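Shown next: data-v9.cif, containing mmCIF, C-alpha atoms.
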data_upload
loop_
_atom_site.label_atom_id
_atom_site.label_comp_id
_atom_site.auth_asym_id
_atom_site.auth_seq_id
_atom_site.Cartn_x
_atom_site.Cartn_y
_atom_site.Cartn_z
CA MET A 129 181.75 -68.15 61.11
CA THR A 130 178.91 -70.67 60.85
CA ARG A 131 175.84 -69.89 58.83
CA ARG A 132 173.72 -69.77 62.02
CA ALA A 133 176.11 -67.26 63.64
CA SER A 134 176.08 -65.14 60.49
CA VAL A 135 172.28 -65.04 60.44
CA LEU A 136 172.12 -64.10 64.12
CA ARG A 137 174.65 -61.32 63.60
CA THR A 138 172.67 -59.95 60.67
CA LEU A 139 169.46 -60.02 62.71
CA GLY A 140 171.23 -58.19 65.52
CA VAL A 141 172.42 -55.45 63.19
CA LEU A 142 168.92 -55.03 61.75
CA ALA A 143 167.40 -54.85 65.24
CA ALA A 144 169.87 -52.19 66.31
CA ALA A 145 169.14 -50.16 63.18
CA ALA A 146 165.41 -50.40 63.83
CA THR A 147 165.89 -49.23 67.40
CA LEU A 148 167.90 -46.22 66.22
CA ALA A 149 165.27 -45.36 63.63
CA ALA A 150 162.49 -45.55 66.20
CA THR A 151 164.44 -43.36 68.60
CA ALA A 152 165.07 -40.77 65.89
CA ALA A 153 161.36 -40.68 65.09
CA VAL A 154 160.53 -39.56 68.65
CA PRO A 155 160.99 -35.77 68.92
CA SER A 156 163.37 -34.69 71.62
CA ALA A 157 162.02 -32.66 74.51
CA GLN A 158 161.95 -28.97 73.59
CA ALA A 159 161.70 -25.85 75.67
CA ARG A 160 158.19 -24.56 76.06
CA PRO A 161 157.57 -21.92 73.37
CA GLU A 162 157.30 -18.30 74.48
CA PRO A 163 153.75 -16.98 74.74
CA ARG A 164 152.68 -14.51 72.08
CA ALA A 165 150.40 -11.50 72.30
CA PRO A 166 146.70 -11.88 71.50
CA LYS A 167 145.64 -10.37 68.18
CA GLU A 168 144.31 -7.31 70.01
CA PHE A 169 147.90 -6.16 70.70
CA VAL A 170 150.04 -4.15 68.30
CA ALA A 171 153.41 -2.43 68.15
CA LEU A 172 152.82 1.30 68.62
CA SER A 173 155.13 2.02 65.68
CA ALA A 174 152.69 0.21 63.40
CA VAL A 175 150.02 2.76 64.38
CA ASP A 176 152.12 5.92 64.74
CA ARG A 177 155.80 6.15 63.82
CA THR A 178 156.10 9.75 65.00
CA ILE A 179 155.71 9.00 68.72
CA LEU A 180 159.15 8.84 70.31
CA GLN A 181 160.12 5.71 72.23
CA GLU A 182 162.67 5.73 75.04
CA MET A 183 162.04 2.35 76.60
CA ARG A 184 163.84 2.68 79.91
CA TYR A 185 163.54 -0.91 81.11
CA THR A 186 165.55 -2.23 78.17
CA THR A 187 168.46 -0.18 79.56
CA VAL A 188 170.26 0.03 82.88
CA HIS A 189 169.04 3.59 83.49
CA ASN A 190 166.10 2.76 85.73
CA PHE A 191 165.45 2.34 89.45
CA VAL A 192 166.61 -1.31 89.34
CA GLY A 193 169.90 -0.45 87.67
CA GLU A 194 169.84 -3.30 85.16
CA ARG A 195 167.90 -4.45 82.13
CA VAL A 196 164.56 -5.77 83.32
CA ASP A 197 163.36 -9.33 82.65
CA GLY A 198 161.07 -9.71 79.65
CA TYR A 199 162.23 -6.64 77.75
CA ARG A 200 163.92 -8.22 74.73
CA GLN A 201 163.75 -5.19 72.42
CA PRO A 202 163.12 -1.43 72.89
CA LEU A 203 159.56 -1.65 71.65
CA CYS A 204 156.25 -0.17 72.81
CA ILE A 205 153.43 -2.73 72.63
CA LEU A 206 149.83 -1.80 73.47
CA THR A 207 146.31 -3.00 72.86
CA ARG A 208 145.13 -1.52 69.59
CA PRO A 209 142.46 0.73 71.17
CA ALA A 210 145.11 2.27 73.44
CA ALA A 211 147.56 2.69 70.53
CA ASP A 212 144.86 4.31 68.38
CA ALA A 213 143.95 6.70 71.19
CA LEU A 214 147.59 7.60 71.70
CA HIS A 215 147.84 8.34 67.98
CA ARG A 216 144.88 10.73 68.20
CA ALA A 217 146.53 12.51 71.14
CA GLN A 218 149.74 12.76 69.12
CA VAL A 219 147.89 14.46 66.26
CA ARG A 220 146.61 17.07 68.73
CA LEU A 221 150.04 17.71 70.19
CA ARG A 222 151.92 17.88 66.90
CA ALA A 223 149.55 20.63 65.80
CA ARG A 224 150.86 22.60 68.81
CA GLY A 225 154.54 21.87 68.19
CA TYR A 226 154.97 18.89 70.52
CA THR A 227 155.34 15.13 70.34
CA LEU A 228 154.61 12.34 72.78
CA LYS A 229 157.41 10.15 74.09
CA VAL A 230 156.78 6.82 75.81
CA TYR A 231 159.00 5.35 78.51
CA ASP A 232 157.05 2.12 79.05
CA CYS A 233 153.95 0.47 77.61
CA TYR A 234 152.91 -3.17 78.01
CA ARG A 235 154.96 -4.75 80.80
CA PRO A 236 155.20 -8.55 81.13
CA GLN A 237 154.46 -10.14 84.49
CA ARG A 238 158.03 -11.45 84.62
CA ALA A 239 159.22 -7.83 84.67
CA VAL A 240 156.90 -7.05 87.59
CA ASP A 241 158.31 -10.12 89.35
CA HIS A 242 161.80 -8.71 88.74
CA PHE A 243 160.76 -5.44 90.42
CA VAL A 244 159.41 -7.37 93.39
CA ARG A 245 162.63 -9.39 93.82
CA TRP A 246 164.67 -6.20 93.60
CA ALA A 247 162.50 -4.40 96.16
CA LYS A 248 162.98 -7.25 98.65
CA ASP A 249 166.77 -7.06 98.30
CA LEU A 250 167.41 -4.21 100.72
CA ASP A 251 171.15 -4.30 100.05
CA ASP A 252 170.79 -3.26 96.41
CA GLU A 253 170.53 0.52 96.44
CA ARG A 254 172.76 1.31 93.48
CA MET A 255 170.18 3.70 91.92
CA LYS A 256 168.72 5.11 95.14
CA LYS A 257 170.23 8.59 94.86
CA GLU A 258 168.41 9.31 91.59
CA PHE A 259 165.11 7.44 91.78
CA TYR A 260 164.14 7.16 95.48
CA PRO A 261 166.51 9.43 97.43
CA LEU A 262 164.07 10.21 100.26
CA VAL A 263 162.29 6.85 100.50
CA ASP A 264 163.59 3.99 102.63
CA LYS A 265 163.71 0.95 100.38
CA SER A 266 161.99 -1.15 103.04
CA ARG A 267 158.86 0.99 102.50
CA LEU A 268 158.52 0.64 98.73
CA PHE A 269 155.65 -1.87 99.03
CA GLU A 270 153.92 -0.07 101.90
CA ASP A 271 154.12 3.29 100.14
CA GLY A 272 152.74 1.85 96.92
CA TYR A 273 155.77 2.29 94.69
CA ILE A 274 156.13 -1.46 94.04
CA ALA A 275 153.33 -4.05 93.80
CA GLU A 276 153.04 -7.68 92.74
CA LYS A 277 150.68 -6.78 89.89
CA SER A 278 150.77 -3.86 87.45
CA GLY A 279 148.13 -2.38 85.18
CA HIS A 280 150.85 -2.24 82.53
CA SER A 281 150.60 -6.02 82.20
CA ARG A 282 147.02 -5.66 80.92
CA GLY A 283 148.32 -3.81 77.87
CA SER A 284 146.45 -0.49 77.96
CA THR A 285 148.67 1.52 80.31
CA VAL A 286 151.47 3.78 79.16
CA ASP A 287 154.18 5.89 80.83
CA VAL A 288 154.47 8.98 78.68
CA THR A 289 155.71 12.56 78.49
CA ILE A 290 155.82 15.49 76.05
CA VAL A 291 158.79 16.72 74.00
CA ARG A 292 158.91 20.03 72.17
CA LEU A 293 159.64 19.81 68.45
CA PRO A 294 162.12 19.56 66.92
CA ALA A 295 163.11 16.83 69.37
CA LEU A 296 166.72 16.95 70.48
CA PRO A 297 168.40 13.62 71.25
CA THR A 298 168.88 12.49 74.84
CA ARG A 299 172.39 11.31 75.61
CA PRO A 300 172.74 7.73 76.84
CA TYR A 301 173.26 6.97 80.51
CA VAL A 302 176.79 5.85 81.37
CA PRO A 303 176.75 3.11 84.03
CA GLY A 304 178.51 4.32 87.15
CA GLU A 305 178.17 8.01 86.40
CA PRO A 306 177.27 10.27 89.36
CA LEU A 307 173.54 10.25 90.09
CA VAL A 308 171.42 13.31 90.77
CA GLU A 309 168.12 13.34 92.68
CA CYS A 310 165.15 13.09 90.32
CA PHE A 311 163.45 16.14 91.83
CA GLN A 312 166.35 18.55 91.31
CA PRO A 313 165.92 21.39 88.77
CA GLN A 314 165.79 20.14 85.20
CA ALA A 315 169.21 21.56 84.34
CA GLU A 316 170.80 19.52 87.15
CA ARG A 317 169.13 16.10 86.95
CA PHE A 318 169.83 13.48 84.27
CA PRO A 319 169.16 15.08 80.85
CA ASP A 320 165.86 14.26 79.17
CA ASN A 321 164.48 15.95 76.05
CA SER A 322 161.06 16.06 77.74
CA VAL A 323 159.58 19.41 78.68
CA ASP A 324 160.07 20.20 82.37
CA MET A 325 157.59 18.18 84.40
CA GLY A 326 159.09 19.04 87.77
CA THR A 327 160.63 15.58 88.30
CA GLY A 328 162.18 12.92 86.17
CA PHE A 329 160.39 9.74 85.10
CA ASP A 330 159.96 7.08 87.81
CA CYS A 331 160.78 9.53 90.57
CA PHE A 332 159.59 7.86 93.80
CA ASP A 333 158.59 11.04 95.56
CA THR A 334 155.38 12.92 96.37
CA LEU A 335 156.51 15.66 93.99
CA SER A 336 155.59 13.20 91.22
CA HIS A 337 151.91 13.43 92.21
CA THR A 338 150.27 15.03 89.20
CA ASP A 339 148.59 17.84 91.12
CA ASP A 340 151.13 18.35 93.90
CA PRO A 341 150.66 22.01 94.93
CA ARG A 342 154.42 22.60 95.03
CA ILE A 343 154.54 22.16 91.26
CA GLN A 344 153.66 25.51 89.71
CA GLY A 345 154.29 27.67 86.66
CA ALA A 346 155.52 26.03 83.46
CA GLN A 347 155.97 22.65 85.15
CA ARG A 348 152.31 22.56 86.21
CA ALA A 349 151.19 23.78 82.78
CA ASN A 350 153.18 20.99 81.11
CA ARG A 351 151.60 18.35 83.33
CA GLN A 352 148.13 19.71 82.64
CA LEU A 353 148.75 19.78 78.89
CA LEU A 354 149.71 16.09 78.98
CA LYS A 355 146.81 15.14 81.25
CA GLU A 356 144.14 17.08 79.36
CA THR A 357 145.31 15.94 75.93
CA LEU A 358 145.25 12.28 76.92
CA ALA A 359 142.01 12.58 78.88
CA ALA A 360 140.31 13.89 75.74
CA GLU A 361 141.15 10.54 74.08
CA GLY A 362 140.03 8.28 76.92
CA PHE A 363 143.10 8.01 79.13
CA VAL A 364 142.86 8.22 82.92
CA ASN A 365 145.85 9.50 84.89
CA LEU A 366 147.17 7.82 88.03
CA PRO A 367 147.24 10.75 90.50
CA GLU A 368 150.49 9.59 92.11
CA GLU A 369 152.46 9.61 88.83
CA TRP A 370 152.23 12.44 86.31
CA TRP A 371 153.50 10.08 83.54
CA HIS A 372 151.11 7.13 84.10
CA PHE A 373 147.92 6.80 82.01
CA THR A 374 145.46 3.96 81.35
CA PHE A 375 143.07 3.84 78.41
CA LYS A 376 139.46 3.15 79.36
CA PRO A 377 137.62 0.92 78.82
CA GLU A 378 140.42 -1.63 78.85
CA PRO A 379 140.03 -4.58 76.47
CA PHE A 380 141.59 -6.85 79.14
CA PRO A 381 140.60 -5.35 82.52
CA SER A 382 141.54 -8.40 84.59
CA THR A 383 144.18 -10.28 82.55
CA PHE A 384 147.89 -9.93 83.32
CA PHE A 385 149.97 -11.10 80.36
CA ASP A 386 153.52 -12.42 80.31
CA PHE A 387 154.61 -12.54 76.66
CA PRO A 388 158.01 -10.84 76.16
CA VAL A 389 158.42 -7.34 74.78
CA ALA A 390 159.68 -8.32 71.35
CA ARG A 391 158.64 -7.91 67.72
CA ARG A 392 157.91 -11.60 67.38
CA SER A 393 155.26 -11.29 70.10
CA VAL A 394 153.10 -9.18 67.78
CA ALA A 395 154.37 -10.36 64.39
CA GLY A 396 151.55 -10.51 61.87
CA HIS A 397 149.19 -8.34 63.92
#
Can the structure in the file be given as structure tokens, please?
Amino acid sequence: MTRRASVLRTLGVLAAAATLAATAAVPSAQARPEPRAPKEFVALSAVDRTILQEMRYTTVHNFVGERVDGYRQPLCILTRPAADALHRAQVRLRARGYTLKVYDCYRPQRAVDHFVRWAKDLDDERMKKEFYPLVDKSRLFEDGYIAEKSGHSRGSTVDVTIVRLPALPTRPYVPGEPLVECFQPQAERFPDNSVDMGTGFDCFDTLSHTDDPRIQGAQRANRQLLKETLAAEGFVNLPEEWWHFTFKPEPFPSTFFDFPVARRSVAGH
């Protein structure tokens, strides 16, 4: 090899090495990081560890029949004012031999979008017999059971019930097991350690209306105990759902968040 050829070869090797180094210095494209909760949000367990959590949308036992988008961990996340108010209500109830239990708290927009997609798929009725036995699925939007926005996504709304102490465990749902209408007597519908509220949680039926006149006796008294206890701490009940309460005034009355339900979303808060 001539001296000129040797020099050219060396220069070529150096140029190639420089190109590789420059390429390595440019960061590769990365997935967009997940949004995190504003500092005003907190895990409920950081405020009150005694409130039971049965986060239904992290399981397949819900009206969709599958784990819902955005629910990474079975965790209740709320704005701090709502969590603090729920703690005060818990103190009241524990003095009377009860505890609160939450089914859902903050709900990401992606979960609401999942509900909307499911509601538009009229062929998917796998959970109909339990959760909406008397409602035609084509009417879920018209009847107000499903909407494209949810107050839960603002962070101050909670789906909640009461459990008598000592709290007995609730057995897990077995996918494919026979379903029972959510308005059947408590001993017949899917077991829940909640006191008898007249229907199960997320029962798409007018019997779920908090003050439905057909609900009487102990069932009505249980609903009123929940409603009055939470109202005393600033929560407003949605009349169509005995379990649904929103803390007022909301810190984020017009913001619908989409960070996932996960510990990392509120880490350090």
Fill in the blank from the handout: If you count all atoms listed in the file, the residue of A:Gln312, A:Gln218, A:Thr207, A:Asn365 closest to Pro381 of chain A turns out to be A:Thr207
Neighbours of segment 232-248 of chain A within 6 Å (only C-alpha atoms; same-chain residues fewer than 2 positions away dropped), as a compact mmCIF listing (two decimals) with C-alpha atoms, keeping the file's coordinate frame?
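Output file out23.txt is given in full below:
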# COMPACT_ATOMS: atom_id res chain seq x y z
CA MET A 183 162.04 2.35 76.60
CA VAL A 196 164.56 -5.77 83.32
CA ASP A 197 163.36 -9.33 82.65
CA GLY A 198 161.07 -9.71 79.65
CA CYS A 204 156.25 -0.17 72.81
CA ILE A 205 153.43 -2.73 72.63
CA LEU A 206 149.83 -1.80 73.47
CA VAL A 230 156.78 6.82 75.81
CA LEU A 250 167.41 -4.21 100.72
CA HIS A 280 150.85 -2.24 82.53
CA SER A 281 150.60 -6.02 82.20
CA GLY A 283 148.32 -3.81 77.87
CA VAL A 286 151.47 3.78 79.16
CA ASP A 287 154.18 5.89 80.83
CA PHE A 385 149.97 -11.10 80.36
CA ASP A 386 153.52 -12.42 80.31
Exercise for the section: Take atom CA of Gly396 of chain A and atom CA of Ala211 of chain A and report the distance between them in Å, one decimal. Expected result: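 Going from atom CA of Gly396 of chain A over to atom CA of Ala211 of chain A, I get 16.3 Å.
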Exercise for the section: Could you check how far atom CA of Lys167 of chain A sits from atom CA of Ala395 of chain A, in Å to one decimal? Expected result: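 It comes out at 9.5 Å.
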Exercise for the section: Work out how far atom CA of Arg195 of chain A is from atom CA of Leu228 of chain A, in Å to one decimal. Expected result: 23.4 Å
Problem - Counting all atoms listed in the file, the residue of A:Asp251, A:Glu168, A:Ala346, A:Arg392 that sits nearest Asp264 of chain A - result: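 Among the listed residues, A:Asp251 lies closest to Asp264 of chain A.
Remark: for Leu221 of chain A, the closest of the candidate residues A:His372, A:Arg299, A:Arg292, A:Arg348 is A:Arg292 (distances computed over only C-alpha atoms).
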Practice task
Please provide as a list of chain:residue names all residues within 12 Å of Pro261 of chain A, with the sequence filter that same-chain residues fewer than 4 positions apart are discarded (counting all atoms listed in the file).
Solution key: A:Phe191, A:Glu253, A:Arg254, A:Met255, A:Lys256, A:Lys257, A:Lys265, A:Leu268, A:Leu307, A:Val308, A:Glu309, A:Cys310, A:Phe311, A:Gln312, A:Asp330, A:Cys331, A:Phe332, A:Asp333, A:Thr334
Exercise for the section: Give me the residues within 12 Å of Thr327 of chain A as a ChimeraX atom specification, counting all atoms listed in the file and dropping any in the same chain fewer than 6 places off. Expected result: /A:258-260,289,308-320,333-338,340,342-343,347-348,350-351,369-371
Practice task
Tell me, as number ranges by chain, which residues lie within 9 Å of Pro294 of chain A, counting all atoms listed in the file; anything in the same chain fewer than 5 positions away does not count.
Solution key: A: 225-227
Using all atoms listed in the file - which residues lie no farther than 7 Å from the point (157.6, -6.7, 71.4) in the file's frame? Write them as a PDB file with C-alpha atoms, in the coordinates of the input.
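selection-v2.pdb, written as the output of this step:
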ATOM      1  CA  ALA A 171     153.410  -2.430  68.150  1.00  0.00           C
ATOM      2  CA  GLN A 201     163.750  -5.190  72.420  1.00  0.00           C
ATOM      3  CA  LEU A 203     159.560  -1.650  71.650  1.00  0.00           C
ATOM      4  CA  CYS A 204     156.250  -0.170  72.810  1.00  0.00           C
ATOM      5  CA  ILE A 205     153.430  -2.730  72.630  1.00  0.00           C
ATOM      6  CA  PRO A 388     158.010 -10.840  76.160  1.00  0.00           C
ATOM      7  CA  VAL A 389     158.420  -7.340  74.780  1.00  0.00           C
ATOM      8  CA  ALA A 390     159.680  -8.320  71.350  1.00  0.00           C
ATOM      9  CA  ARG A 391     158.640  -7.910  67.720  1.00  0.00           C
ATOM     10  CA  ARG A 392     157.910 -11.600  67.380  1.00  0.00           C
ATOM     11  CA  SER A 393     155.260 -11.290  70.100  1.00  0.00           C
ATOM     12  CA  VAL A 394     153.100  -9.180  67.780  1.00  0.00           C
TER      13      VAL A 394
END
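Of the residues under consideration (A:Arg177, A:Arg224, A:Arg184, A:His215), A:Arg184 shows the shortest atom-to-atom contact distance to Tyr199 of chain A when counting all atoms listed in the file.
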Exercise for the section: Check the smallest atom-to-atom distance from each of A:Val219, A:Leu296, A:Val288, A:Leu353 to Leu366 of chain A using all atoms listed in the file, then report the winner. Expected result: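 Result for the nearest residue to Leu366 of chain A: A:Val288.
By chain and then residue number, the residues within 9 Å of Glu378 of chain A are Thr207, Pro209, Ala210, Arg282, Gly283, Ser284, Thr285, Thr374 and Ser382 of chain A, counting all atoms listed in the file and disregarding those fewer than 4 positions away in sequence.
Restricting the calculation to all atoms listed in the file, the smallest distance between Met325 of chain A and any of A:Lys277, A:Pro341, A:Leu354, A:Ala165 is found for A:Leu354.
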